[in-house]
file input.txt (compact mmCIF, C-alpha atoms)
# COMPACT_ATOMS: atom_id res chain seq x y z
CA MET A 1 97.32 170.48 25.31
CA SER A 2 99.85 167.79 24.35
CA ASP A 3 100.96 167.52 27.99
CA LEU A 4 97.36 166.94 29.03
CA LYS A 5 96.94 164.15 26.47
CA GLU A 6 100.22 162.55 27.54
CA GLN A 7 99.20 162.69 31.20
CA THR A 8 95.79 161.16 30.36
CA SER A 9 97.35 158.30 28.41
CA THR A 10 99.82 157.70 31.26
CA ASP A 11 96.98 157.52 33.80
CA LYS A 12 95.11 155.05 31.59
CA ARG A 13 98.16 152.83 31.23
CA ARG A 14 98.77 152.97 34.97
CA ALA A 15 95.15 152.11 35.79
CA SER A 16 94.96 149.30 33.25
CA GLY A 17 98.35 148.03 34.35
CA SER A 18 97.26 147.68 37.98
CA VAL A 19 94.16 145.78 36.96
CA ASN A 20 95.98 143.48 34.58
CA THR A 21 98.76 142.80 37.08
CA SER A 22 96.20 141.84 39.71
CA LYS A 23 94.36 139.59 37.29
CA ILE A 24 97.52 137.80 36.16
CA SER A 25 98.71 137.19 39.73
CA ILE A 26 95.35 135.70 40.65
CA LYS A 27 95.01 133.56 37.53
CA HIS A 28 98.40 131.92 38.09
CA ARG A 29 97.86 131.08 41.75
CA LYS A 30 97.96 127.47 42.93
CA ALA A 31 95.41 125.96 45.29
CA GLY A 32 96.77 126.06 48.83
CA GLU A 33 99.50 128.53 47.91
CA PHE A 34 99.61 131.70 50.01
CA VAL A 35 101.21 134.88 48.69
CA ALA A 36 100.75 138.46 49.85
CA ARG A 37 98.18 140.05 47.49
CA GLU A 38 95.04 142.14 47.62
CA SER A 39 91.54 141.02 46.69
CA LEU A 40 90.55 141.48 43.08
CA LEU A 41 87.86 144.07 43.82
CA THR A 42 90.28 146.05 45.95
CA GLU A 43 92.58 146.31 42.94
CA LEU A 44 89.76 147.01 40.53
CA PHE A 45 88.32 149.82 42.64
CA HIS A 46 91.54 151.77 42.05
CA ASN A 47 90.24 152.21 38.51
CA PRO A 48 87.73 155.10 38.59
CA HIS A 49 85.68 153.52 35.80
CA ILE A 50 85.21 150.31 37.79
CA ASN A 51 84.61 152.23 41.00
CA CYS A 52 81.78 154.04 39.22
CA VAL A 53 79.97 150.70 38.89
CA ARG A 54 80.04 150.28 42.67
CA ASN A 55 78.79 153.82 43.09
CA GLY A 56 75.95 153.00 40.70
CA PHE A 57 74.94 150.02 42.87
CA ILE A 58 75.04 152.22 45.97
CA ALA A 59 72.85 154.82 44.27
CA GLY A 60 70.40 152.09 43.22
CA PHE A 61 70.14 150.74 46.76
CA ILE A 62 69.59 154.25 48.13
CA LEU A 63 66.73 154.74 45.67
CA MET A 64 65.30 151.33 46.62
CA ILE A 65 65.21 152.32 50.31
CA LEU A 66 63.81 155.76 49.50
CA ARG A 67 61.06 154.22 47.43
CA HIS A 68 59.73 152.26 50.42
CA LEU A 69 60.26 155.20 52.78
CA VAL A 70 58.30 157.60 50.57
CA ASP A 71 55.57 155.02 50.03
CA ASP A 72 55.17 154.56 53.80
CA LEU A 73 55.09 158.31 54.41
CA LEU A 74 52.39 158.81 51.78
CA HIS A 75 50.18 155.96 53.02
CA TYR A 76 50.85 155.85 56.78
CA GLY A 77 52.40 159.22 57.55
CA ARG A 78 55.43 157.47 59.11
CA PRO A 79 57.93 154.71 58.32
CA ASN A 80 56.13 151.38 58.55
CA TRP A 81 59.16 149.12 58.72
CA THR A 82 58.51 145.96 60.69
CA PHE A 83 61.05 143.48 61.98
CA GLU A 84 58.84 140.46 62.69
CA LEU A 85 60.78 138.41 60.15
CA LEU A 86 64.06 139.28 61.87
CA PHE A 87 62.73 138.30 65.30
CA LEU A 88 61.38 135.03 63.90
CA THR A 89 64.72 134.03 62.36
CA VAL A 90 67.03 134.94 65.26
CA GLY A 91 65.04 133.62 68.21
CA GLN A 92 66.73 131.58 70.96
CA LEU A 93 70.01 133.39 70.41
CA HIS A 94 71.32 132.37 73.83
CA ILE A 95 71.10 128.68 72.91
CA THR A 96 72.95 129.36 69.66
CA ILE A 97 75.75 131.12 71.55
CA MET A 98 76.03 128.22 74.00
CA ILE A 99 76.25 125.62 71.22
CA TRP A 100 78.88 127.69 69.39
CA SER A 101 80.90 128.17 72.57
CA VAL A 102 81.04 124.45 73.33
CA MET A 103 81.97 123.59 69.73
CA THR A 104 84.69 126.23 69.69
CA PHE A 105 86.12 125.13 73.06
CA CYS A 106 86.34 121.49 71.94
CA THR A 107 87.81 122.40 68.57
CA THR A 108 90.39 124.69 70.17
CA PHE A 109 91.65 122.53 73.03
CA VAL A 110 90.44 118.94 72.61
CA VAL A 111 91.56 118.66 68.98
CA TYR A 112 94.95 120.28 69.42
CA TYR A 113 95.99 118.53 72.61
CA GLY A 114 94.54 115.23 71.42
CA THR A 115 96.72 115.46 68.31
CA TYR A 116 99.64 116.59 70.46
CA ILE A 117 99.30 113.49 72.68
CA TRP A 118 99.20 111.34 69.55
CA ALA A 119 102.43 112.95 68.35
CA ASN A 120 104.18 112.18 71.64
CA SER A 121 102.75 108.72 72.37
CA GLN A 122 103.79 105.24 71.34
CA LEU A 123 100.28 103.93 70.76
CA TYR A 124 99.11 102.58 67.45
CA ASP A 125 98.24 105.16 64.79
CA MET A 126 95.01 103.31 63.95
CA PHE A 127 93.82 103.86 67.52
CA TRP A 128 94.19 107.65 67.16
CA LEU A 129 92.62 107.50 63.71
CA LEU A 130 89.56 105.87 65.28
CA ILE A 131 89.40 108.60 67.95
CA TYR A 132 89.64 111.25 65.23
CA ILE A 133 86.80 109.68 63.22
CA CYS A 134 84.61 109.41 66.33
CA TYR A 135 85.24 113.06 67.18
CA GLN A 136 84.32 114.21 63.67
CA ILE A 137 81.15 112.09 63.75
CA GLY A 138 80.25 113.61 67.12
CA LEU A 139 80.82 117.11 65.75
CA PHE A 140 78.48 116.21 62.91
CA VAL A 141 75.72 114.62 64.96
CA ILE A 142 75.50 116.56 68.24
CA PRO A 143 74.95 120.10 66.80
CA CYS A 144 72.32 118.71 64.41
CA TRP A 145 70.57 117.00 67.32
CA LEU A 146 70.62 120.23 69.36
CA VAL A 147 69.24 122.26 66.44
CA ASN A 148 66.37 119.80 66.13
CA LYS A 149 65.82 119.51 69.89
CA TYR A 150 65.51 123.25 70.51
CA GLN A 151 63.87 123.93 67.13
CA LEU A 152 66.22 126.79 66.40
CA PRO A 153 64.86 129.27 63.84
CA PHE A 154 66.37 129.68 60.40
CA ALA A 155 69.18 132.19 61.03
CA CYS A 156 70.32 130.55 64.28
CA ALA A 157 70.23 127.04 62.80
CA ALA A 158 72.18 128.23 59.75
CA THR A 159 74.79 129.84 62.01
CA VAL A 160 75.30 126.62 63.98
CA ILE A 161 75.51 124.40 60.90
CA LEU A 162 77.83 126.68 58.92
CA GLU A 163 80.10 127.06 61.94
CA GLN A 164 80.00 123.29 62.40
CA LEU A 165 81.15 122.72 58.80
CA ARG A 166 83.83 125.42 59.08
CA GLN A 167 85.31 123.76 62.16
CA ILE A 168 85.11 120.27 60.65
CA LEU A 169 86.99 121.37 57.53
CA LYS A 170 89.61 123.23 59.57
CA ILE A 171 90.12 120.27 61.92
CA HIS A 172 90.62 117.93 58.98
CA SER A 173 93.18 120.27 57.44
CA PHE A 174 95.13 120.64 60.69
CA VAL A 175 95.18 116.91 61.48
CA ARG A 176 95.93 116.00 57.87
CA GLU A 177 98.93 118.32 57.59
CA ASN A 178 100.36 117.22 60.96
CA ALA A 179 99.67 113.51 60.44
CA GLY A 180 102.53 113.33 57.97
CA LYS A 181 104.89 114.86 60.52
CA ILE A 182 103.80 112.29 63.12
CA ILE A 183 103.84 109.18 60.94
CA SER A 184 106.97 110.03 58.92
CA PRO A 185 108.92 112.69 60.84
CA SER A 186 112.01 112.16 58.67
CA ASN A 187 110.22 113.17 55.45
CA LYS A 188 110.51 116.91 54.88
CA SER A 189 107.51 118.64 53.34
CA THR A 190 107.91 120.17 49.90
CA ASP A 191 105.79 123.13 51.03
CA SER A 192 108.00 125.87 52.47
CA GLN A 193 105.10 127.10 54.60
CA LEU A 194 104.94 123.77 56.48
CA SER A 195 107.66 122.94 59.00
CA SER A 196 108.88 119.44 59.83
CA GLU A 197 107.98 119.85 63.52
CA PHE A 198 104.57 119.47 65.10
CA SER A 199 102.67 122.76 64.92
CA HIS A 200 102.56 125.05 67.95
CA PHE A 201 99.31 125.96 69.68
CA ASN A 202 99.54 129.62 68.66
CA GLN A 203 99.83 128.54 65.02
CA TYR A 204 96.72 126.37 65.36
CA LEU A 205 94.82 129.10 67.20
CA TYR A 206 95.65 131.63 64.48
CA PHE A 207 94.50 129.18 61.80
CA LEU A 208 91.12 128.68 63.50
CA TYR A 209 90.21 132.33 62.89
CA ALA A 210 92.23 133.05 59.75
CA PRO A 211 90.13 133.39 56.56
CA THR A 212 91.32 130.11 55.06
CA LEU A 213 90.52 126.41 55.40
CA VAL A 214 94.00 125.13 54.44
CA PHE A 215 96.44 124.85 57.36
CA ARG A 216 99.98 126.14 57.11
CA ASP A 217 102.49 126.78 59.88
CA VAL A 218 103.36 130.14 58.36
CA TYR A 219 101.21 132.54 56.36
CA PRO A 220 102.26 135.79 54.68
CA ARG A 221 101.52 138.61 57.13
CA THR A 222 101.18 142.36 56.80
CA SER A 223 103.33 144.63 58.94
CA THR A 224 100.49 146.63 60.52
CA ILE A 225 96.72 146.63 61.01
CA ARG A 226 94.95 149.36 59.07
CA TRP A 227 92.10 150.08 61.46
CA ASN A 228 90.34 152.34 58.99
CA ILE A 229 90.06 149.36 56.62
CA VAL A 230 88.75 147.15 59.45
CA PHE A 231 85.99 149.60 60.39
CA GLN A 232 85.21 150.27 56.75
CA MET A 233 84.82 146.57 55.92
CA PHE A 234 82.71 145.63 58.95
CA GLY A 235 80.64 148.79 58.50
CA GLN A 236 79.84 147.69 54.96
CA VAL A 237 78.91 144.25 56.31
CA LEU A 238 76.37 145.92 58.62
CA ILE A 239 74.93 147.99 55.78
CA GLY A 240 74.82 144.92 53.52
CA THR A 241 72.94 142.96 56.19
CA ILE A 242 70.31 145.71 56.38
CA LEU A 243 69.97 145.69 52.58
CA LEU A 244 69.67 141.88 52.54
CA TYR A 245 66.87 142.02 55.09
CA HIS A 246 65.15 144.69 53.00
CA VAL A 247 65.38 142.55 49.84
CA ILE A 248 64.09 139.45 51.62
CA ALA A 249 61.25 141.18 53.46
CA TYR A 250 59.95 143.39 50.66
CA TYR A 251 60.82 141.47 47.48
CA TRP A 252 61.16 137.78 48.28
CA MET A 253 58.54 137.22 50.97
CA PRO A 254 55.56 138.60 48.97
CA VAL A 255 56.33 136.06 46.24
CA PHE A 256 56.81 133.24 48.75
CA ALA A 257 53.48 134.18 50.33
CA ARG A 258 51.74 133.00 47.16
CA CYS A 259 52.86 129.45 47.93
CA PHE A 260 50.91 129.61 51.20
CA THR A 261 47.82 131.42 49.89
CA ASP A 262 47.25 129.77 46.49
CA THR A 263 45.41 126.49 47.04
CA LYS A 264 46.24 125.24 43.56
CA LEU A 265 49.37 125.63 41.49
CA THR A 266 49.38 126.05 37.73
CA TYR A 267 52.10 126.57 35.19
CA PRO A 268 51.33 130.30 34.79
CA SER A 269 51.56 130.94 38.54
CA VAL A 270 54.79 128.93 38.87
CA ILE A 271 56.50 130.63 35.92
CA THR A 272 55.37 134.09 37.02
CA SER A 273 56.66 133.53 40.56
CA ILE A 274 60.03 132.28 39.32
CA PHE A 275 60.51 135.34 37.11
CA ASP A 276 59.46 137.61 39.99
CA LEU A 277 62.19 136.04 42.13
CA MET A 278 65.01 136.55 39.63
CA LEU A 279 65.82 140.22 40.27
CA PRO A 280 65.63 139.89 44.09
CA GLY A 281 67.74 136.75 43.77
CA VAL A 282 70.44 138.63 41.88
CA LEU A 283 70.38 141.45 44.45
CA PHE A 284 70.63 138.88 47.25
CA PHE A 285 73.55 137.16 45.52
CA VAL A 286 75.49 140.35 44.76
CA ILE A 287 75.02 141.83 48.24
CA GLY A 288 75.80 138.52 49.92
CA PHE A 289 78.92 137.97 47.81
CA TYR A 290 80.25 141.49 48.36
CA GLY A 291 79.33 141.52 52.05
CA PHE A 292 80.87 138.16 52.94
CA PHE A 293 83.64 137.31 50.47
CA HIS A 294 84.94 140.84 50.09
CA CYS A 295 84.05 142.80 53.25
CA TRP A 296 83.79 140.14 55.98
CA LEU A 297 86.82 138.10 54.93
CA ASN A 298 88.92 141.17 54.16
CA GLY A 299 87.95 142.64 57.52
CA PHE A 300 89.14 139.54 59.37
CA ALA A 301 92.24 139.34 57.17
CA GLU A 302 93.16 142.93 58.02
CA LEU A 303 92.44 142.34 61.71
CA LEU A 304 94.69 139.24 61.75
CA ARG A 305 97.27 140.73 59.35
CA PHE A 306 96.57 137.90 56.90
CA ALA A 307 98.24 139.09 53.71
CA ASP A 308 96.72 136.77 51.08
CA ARG A 309 93.33 138.28 50.24
CA THR A 310 92.48 135.99 47.30
CA PHE A 311 89.05 134.89 48.51
CA TYR A 312 87.46 134.93 45.04
CA GLN A 313 88.34 135.42 41.39
CA ASP A 314 86.51 137.09 38.51
CA TRP A 315 83.52 134.73 38.45
CA TRP A 316 81.56 137.33 36.48
CA ASN A 317 83.81 136.58 33.47
CA ALA A 318 83.27 132.80 33.67
CA THR A 319 82.37 130.98 30.45
CA SER A 320 81.65 127.58 32.01
CA SER A 321 79.98 126.31 35.16
CA GLY A 322 83.24 124.75 36.35
CA THR A 323 85.09 128.06 36.10
CA PHE A 324 82.24 129.84 37.87
CA TRP A 325 82.25 127.51 40.88
CA ARG A 326 86.06 127.53 41.10
CA SER A 327 86.15 131.32 41.00
CA TRP A 328 83.46 132.60 43.31
CA ASN A 329 84.56 130.79 46.50
CA ILE A 330 88.32 130.27 46.58
CA VAL A 331 88.32 129.47 50.32
CA VAL A 332 86.24 126.30 49.96
CA HIS A 333 87.65 125.48 46.51
CA ASP A 334 91.20 125.31 47.91
CA TRP A 335 90.11 122.85 50.60
CA LEU A 336 88.25 120.67 48.07
CA HIS A 337 91.19 120.75 45.68
CA VAL A 338 93.88 119.95 48.26
CA TYR A 339 92.08 117.35 50.38
CA VAL A 340 89.45 115.83 48.07
CA TYR A 341 90.37 116.33 44.42
CA LYS A 342 94.05 115.39 44.76
CA ASP A 343 93.24 112.30 46.84
CA LEU A 344 90.59 111.17 44.36
CA ILE A 345 93.07 111.51 41.50
CA LYS A 346 95.38 109.08 43.31
CA LEU A 347 92.44 106.77 44.08
CA PHE A 348 91.19 106.80 40.47
CA SER A 349 94.67 106.39 38.96
CA GLY A 350 94.91 109.90 37.57
CA ASN A 351 91.36 110.17 36.18
CA LYS A 352 90.79 113.94 36.50
CA LYS A 353 87.29 114.01 35.00
CA LEU A 354 85.91 111.39 37.38
CA SER A 355 87.61 113.12 40.31
CA ALA A 356 86.10 116.48 39.32
CA ILE A 357 82.62 114.94 39.02
CA CYS A 358 82.94 113.44 42.51
CA VAL A 359 83.99 116.82 43.90
CA VAL A 360 80.91 118.46 42.32
CA ILE A 361 78.60 115.82 43.82
CA PHE A 362 80.33 116.07 47.21
CA SER A 363 79.90 119.86 47.21
CA ALA A 364 76.22 119.50 46.28
CA ILE A 365 75.72 117.01 49.14
CA LEU A 366 77.27 119.46 51.62
CA HIS A 367 74.93 122.22 50.43
CA GLU A 368 71.95 119.87 50.68
CA TYR A 369 73.05 118.81 54.17
CA CYS A 370 73.03 122.44 55.34
CA MET A 371 69.57 123.11 53.91
CA SER A 372 68.17 119.83 55.27
CA ILE A 373 69.22 120.55 58.85
CA VAL A 374 68.16 124.20 58.71
CA PHE A 375 64.70 123.50 57.24
CA GLY A 376 64.18 120.13 58.92
CA PHE A 377 63.60 118.09 55.75
CA CYS A 378 65.58 116.73 52.80
CA SER A 379 64.33 117.59 49.31
CA VAL A 380 67.51 116.88 47.23
CA ILE A 381 66.99 120.16 45.35
CA PHE A 382 70.66 121.15 45.59
CA ILE A 383 71.80 117.68 44.58
CA VAL A 384 69.57 117.69 41.49
CA TRP A 385 70.06 121.30 40.45
CA PHE A 386 73.74 121.92 41.26
CA GLY A 387 75.00 118.35 41.39
CA LEU A 388 73.42 116.60 38.41
CA VAL A 389 72.79 119.66 36.22
CA GLY A 390 76.20 121.12 37.07
CA MET A 391 77.87 117.79 36.33
CA PHE A 392 76.03 117.55 33.00
CA LEU A 393 77.15 121.05 31.97
CA ARG A 394 80.72 120.26 33.01
CA ILE A 395 80.80 117.10 30.88
CA VAL A 396 79.09 118.58 27.81
CA PHE A 397 80.84 121.98 27.86
CA PRO A 398 84.14 121.46 29.70
CA HIS A 399 86.20 124.21 28.04
CA SER A 400 83.68 126.61 26.52
CA LYS A 401 84.97 130.09 25.74
CA GLY A 402 83.73 133.36 24.34
CA THR A 403 81.22 136.09 25.07
CA LEU A 404 78.24 133.90 24.21
CA TRP A 405 79.09 131.38 26.93
CA ASN A 406 79.59 134.15 29.46
CA ILE A 407 76.11 135.46 28.62
CA ILE A 408 74.71 131.94 29.08
CA ILE A 409 76.33 131.63 32.52
CA LEU A 410 75.09 135.08 33.55
CA THR A 411 71.61 134.09 32.37
CA MET A 412 71.59 130.76 34.20
CA THR A 413 72.65 132.38 37.48
CA PRO A 414 69.41 134.40 38.04
CA ILE A 415 67.36 131.37 37.01
CA SER A 416 69.13 129.24 39.61
CA LEU A 417 68.72 131.94 42.25
CA ALA A 418 64.96 131.93 41.59
CA VAL A 419 64.19 128.25 41.00
CA VAL A 420 65.96 126.83 44.07
CA PRO A 421 64.32 129.16 46.67
CA TYR A 422 60.93 128.70 45.01
CA PHE A 423 61.22 124.92 45.20
CA TYR A 424 62.00 125.14 48.90
CA ALA A 425 59.04 127.49 49.44
CA LEU A 426 56.77 125.00 47.66
CA GLU A 427 58.01 122.16 49.82
CA ILE A 428 57.54 124.13 53.04
CA SER A 429 54.02 125.19 52.06
CA ALA A 430 53.09 121.62 51.12
CA ARG A 431 54.26 120.40 54.54
CA HIS A 432 52.21 123.10 56.30
CA PHE A 433 49.06 122.40 54.26
CA PRO A 434 49.28 118.70 53.36
CA SER A 435 45.52 118.24 52.90
CA ASN A 436 44.74 120.98 50.38
CA ARG A 437 48.10 121.88 48.83
CA ALA A 438 49.58 120.19 45.79
CA THR A 439 53.35 120.20 45.50
CA PHE A 440 55.20 121.31 42.41
CA TRP A 441 55.78 117.70 41.42
CA ASP A 442 52.02 117.00 41.62
CA VAL A 443 51.43 119.87 39.23
CA MET A 444 54.10 118.60 36.86
CA PHE A 445 52.95 114.98 36.66
CA LYS A 446 49.38 114.70 37.90
CA TYR A 447 47.80 117.90 36.67
CA GLY A 448 50.10 118.53 33.75
CA ASN A 449 47.49 118.17 31.00
CA GLN A 450 45.03 120.48 32.71
CA SER A 451 47.69 123.13 33.29
CA LYS A 452 48.77 122.99 29.66
CA ALA A 453 45.16 123.51 28.62
CA ASP A 454 45.04 126.60 30.84
CA LEU A 455 48.06 127.97 29.03

call {"tool": "encode", "arguments": {"input": "input.txt", "output": "structure tokens"}}
result
Amino acid sequence: MSDLKEQTSTDKRRASGSVNTSKISIKHRKAGEFVARESLLTELFHNPHINCVRNGFIAGFILMILRHLVDDLLHYGRPNWTFELLFLTVGQLHITIMIWSVMTFCTTFVVYYGTYIWANSQLYDMFWLLIYICYQIGLFVIPCWLVNKYQLPFACAATVILEQLRQILKIHSFVRENAGKIISPSNKSTDSQLSSEFSHFNQYLYFLYAPTLVFRDVYPRTSTIRWNIVFQMFGQVLIGTILLYHVIAYYWMPVFARCFTDTKLTYPSVITSIFDLMLPGVLFFVIGFYGFFHCWLNGFAELLRFADRTFYQDWWNATSSGTFWRSWNIVVHDWLHVYVYKDLIKLFSGNKKLSAICVVIFSAILHEYCMSIVFGFCSVIFIVWFGLVGMFLRIVFPHSKGTLWNIIILTMTPISLAVVPYFYALEISARHFPSNRATFWDVMFKYGNQSKADL
């Protein structure tokens, strides 16, 4: 009996030790620093108690699918699953593939060999800087023009724009890190993962597909490719995509349909719709986070033997909005920290608060840019909600700690995941029915007194 207790206590210490070791190694990481380490969830899933939480989510999703399957069998005698929404969002796929192919070809060859010619030429640096700026502007403008010209549906337009931003950020990182080698070849970099020589093409090609936005000549690599992990990760991505479609089609779209069927908006209808969107929003967020940041990025990392798997931190333990945004997307955060935040600190003479505020606004503008191109209109919802509100929370509560603040963050997240999509649905419906549909802002300011009386 005593041996059993001793073995149990040893197992607990071993499990807790692996979790704590992983957490400490992630907490002490520096932005742009690459060290061989597993993702946080990979480490946590070694603990059977944490793994049980994942199993609980899987069981819940199975019951969610079974619920709709049983309901269809009872009412229709067969599964009545339709895919009209999927066909509407992925139409004109051949045009999307062509746009992506041209962007990828230019980013792969034009950028590298253009920078290579700059490194081996005697022309003025300002001349090449002008060429670089023109290329980046062209990469911004041309894909947006093509999306608008061919009226690409939502999923295809989002694919083009997100790939456009990914390539723009990677190009800037590559050119930025090699510009110092070209302008001042005698100055040796303090980063051991950056050589003093101009980067080779194979290093640049590897960086284009590696799950990071910060260029280094050398990354920590694993010795082998674990193909079982690759298939497991991409298989979970496929399952997650099916679940996301199920959540959108059966939980989100019925609520969004009210925006197109209700001719008049009131406070009760708005509040009810927002609360109805919270649970689907959380499911969408959790599945999307796990499917992309854990499965998709880990799958590519394993395929490319990329050893640093720190794509996110424990955002679920965040006690402030700043910690939350720094933790849930390490890939973009590293790029913003290395190439925006540090430069702004130098520009603003060491003012960290002002630099952080500018980074928040810049991030909100990028999100708004994506939504504007995909939907075809600009509504500044992301700028207001995540930029101004996020900046306000960062200023008022910069270093909040404790369980209460974690509860507040976890409460604000579902609200954000419901309010932002609902605002976009209102705007779309108002643009489709301009003559008989009042927007949310009309309800707030023009019909406010009447709506309050209804309450």

call {"tool": "atom_distance", "arguments": {"input": "input.txt", "atom1": "CA of Leu205 in chain A", "atom2": "CA of Thr224 in chain A"}}
result
19.6 Å

call {"tool": "atom_distance", "arguments": {"input": "input.txt", "atom1": "CA of Pro414 in chain A", "atom2": "CA of Leu279 in chain A"}}
result
7.2 Å

call {"tool": "residues_around", "arguments": {"input": "input.txt", "residues": "Phe392 in chain A", "least_positions_apart": "6", "cutoff": "12 Å", "atoms": "all atoms listed in the file", "output": "MDAnalysis selection string"}}
result
chainID A and resid 320:322 353 356:357 360:361 384:386 398

call {"tool": "write_last_selection", "arguments": {"input": "input.txt", "atoms": "C-alpha atoms", "output": "PDB file, keeping the file's coordinate frame"}}
result
ATOM      1  CA  SER A 320      81.650 127.580  32.010  1.00  0.00           C
ATOM      2  CA  SER A 321      79.980 126.310  35.160  1.00  0.00           C
ATOM      3  CA  GLY A 322      83.240 124.750  36.350  1.00  0.00           C
ATOM      4  CA  LYS A 353      87.290 114.010  35.000  1.00  0.00           C
ATOM      5  CA  ALA A 356      86.100 116.480  39.320  1.00  0.00           C
ATOM      6  CA  ILE A 357      82.620 114.940  39.020  1.00  0.00           C
ATOM      7  CA  VAL A 360      80.910 118.460  42.320  1.00  0.00           C
ATOM      8  CA  ILE A 361      78.600 115.820  43.820  1.00  0.00           C
ATOM      9  CA  VAL A 384      69.570 117.690  41.490  1.00  0.00           C
ATOM     10  CA  TRP A 385      70.060 121.300  40.450  1.00  0.00           C
ATOM     11  CA  PHE A 386      73.740 121.920  41.260  1.00  0.00           C
ATOM     12  CA  PRO A 398      84.140 121.460  29.700  1.00  0.00           C
TER      13      PRO A 398
END

call {"tool": "residues_around", "arguments": {"input": "input.txt", "residues": "range 244-254 of chain A", "least_positions_apart": "6", "cutoff": "9 Å", "atoms": "only C-alpha atoms", "output": "VMD selection string"}}
result
chain A and resid 65 68 83 85 to 86 276 to 277 279 to 281 283 to 284 287 to 288

call {"tool": "closest_atom_pairs", "arguments": {"input": "input.txt", "of": "range 140-227 of chain A", "to": "range 329-334 of chain A", "cutoff": "8 Å", "atoms": "all atoms listed in the file", "output": "JSON lines"}}
result
{"residue": "A:Pro211", "atom": "CA", "partner": "A:Val331", "partner_atom": "CA", "distance": 7.6}
{"residue": "A:Thr212", "atom": "CA", "partner": "A:Val331", "partner_atom": "CA", "distance": 5.6}
{"residue": "A:Leu213", "atom": "CA", "partner": "A:Val331", "partner_atom": "CA", "distance": 6.3}
{"residue": "A:Val214", "atom": "CA", "partner": "A:Asp334", "partner_atom": "CA", "distance": 7.1}

call {"tool": "residues_around", "arguments": {"input": "input.txt", "residues": "Thr108 in chain A", "least_positions_apart": "4", "cutoff": "8 Å", "atoms": "only C-alpha atoms", "output": "VMD selection string"}}
result
chain A and resid 104 112 205 208

call {"tool": "atom_distance", "arguments": {"input": "input.txt", "atom1": "CA of Ala425 in chain A", "atom2": "CA of Glu163 in chain A"}}
result
24.5 Å

call {"tool": "closest_residue", "arguments": {"input": "input.txt", "among": "A:Trp316, A:Tyr116, A:Phe140, A:Phe306", "to": "Leu410 in chain A", "atoms": "only C-alpha atoms"}}
result
A:Trp316

call {"tool": "closest_residue", "arguments": {"input": "input.txt", "among": "A:Ala155, A:Val90, A:Cys295, A:Ile415", "to": "Gly235 in chain A", "atoms": "only C-alpha atoms"}}
result
A:Cys295

call {"tool": "closest_residue", "arguments": {"input": "input.txt", "among": "A:Ser199, A:Gln232, A:Ser327, A:Thr411", "to": "Val282 in chain A", "atoms": "only C-alpha atoms"}}
result
A:Thr411

call {"tool": "residues_near_point", "arguments": {"input": "input.txt", "point": "(89.3, 113.6, 67.7)", "cutoff": "12 Å", "atoms": "all atoms listed in the file", "output": "PDB file with C-alpha atoms, keeping the file's coordinate frame"}}
result
ATOM      1  CA  CYS A 106      86.340 121.490  71.940  1.00  0.00           C
ATOM      2  CA  THR A 107      87.810 122.400  68.570  1.00  0.00           C
ATOM      3  CA  THR A 108      90.390 124.690  70.170  1.00  0.00           C
ATOM      4  CA  PHE A 109      91.650 122.530  73.030  1.00  0.00           C
ATOM      5  CA  VAL A 110      90.440 118.940  72.610  1.00  0.00           C
ATOM      6  CA  VAL A 111      91.560 118.660  68.980  1.00  0.00           C
ATOM      7  CA  TYR A 112      94.950 120.280  69.420  1.00  0.00           C
ATOM      8  CA  TYR A 113      95.990 118.530  72.610  1.00  0.00           C
ATOM      9  CA  GLY A 114      94.540 115.230  71.420  1.00  0.00           C
ATOM     10  CA  THR A 115      96.720 115.460  68.310  1.00  0.00           C
ATOM     11  CA  TYR A 116      99.640 116.590  70.460  1.00  0.00           C
ATOM     12  CA  ILE A 117      99.300 113.490  72.680  1.00  0.00           C
ATOM     13  CA  TRP A 118      99.200 111.340  69.550  1.00  0.00           C
ATOM     14  CA  PHE A 127      93.820 103.860  67.520  1.00  0.00           C
ATOM     15  CA  TRP A 128      94.190 107.650  67.160  1.00  0.00           C
ATOM     16  CA  LEU A 129      92.620 107.500  63.710  1.00  0.00           C
ATOM     17  CA  LEU A 130      89.560 105.870  65.280  1.00  0.00           C
ATOM     18  CA  ILE A 131      89.400 108.600  67.950  1.00  0.00           C
ATOM     19  CA  TYR A 132      89.640 111.250  65.230  1.00  0.00           C
ATOM     20  CA  ILE A 133      86.800 109.680  63.220  1.00  0.00           C
ATOM     21  CA  CYS A 134      84.610 109.410  66.330  1.00  0.00           C
ATOM     22  CA  TYR A 135      85.240 113.060  67.180  1.00  0.00           C
ATOM     23  CA  GLN A 136      84.320 114.210  63.670  1.00  0.00           C
ATOM     24  CA  ILE A 137      81.150 112.090  63.750  1.00  0.00           C
ATOM     25  CA  GLY A 138      80.250 113.610  67.120  1.00  0.00           C
ATOM     26  CA  LEU A 139      80.820 117.110  65.750  1.00  0.00           C
ATOM     27  CA  ILE A 168      85.110 120.270  60.650  1.00  0.00           C
ATOM     28  CA  ILE A 171      90.120 120.270  61.920  1.00  0.00           C
ATOM     29  CA  HIS A 172      90.620 117.930  58.980  1.00  0.00           C
ATOM     30  CA  PHE A 174      95.130 120.640  60.690  1.00  0.00           C
ATOM     31  CA  VAL A 175      95.180 116.910  61.480  1.00  0.00           C
TER      32      VAL A 175
END

call {"tool": "closest_residue", "arguments": {"input": "input.txt", "among": "A:Val255, A:Ile242, A:Val218, A:Met103", "to": "Asn202 in chain A", "atoms": "only C-alpha atoms"}}
result
A:Val218
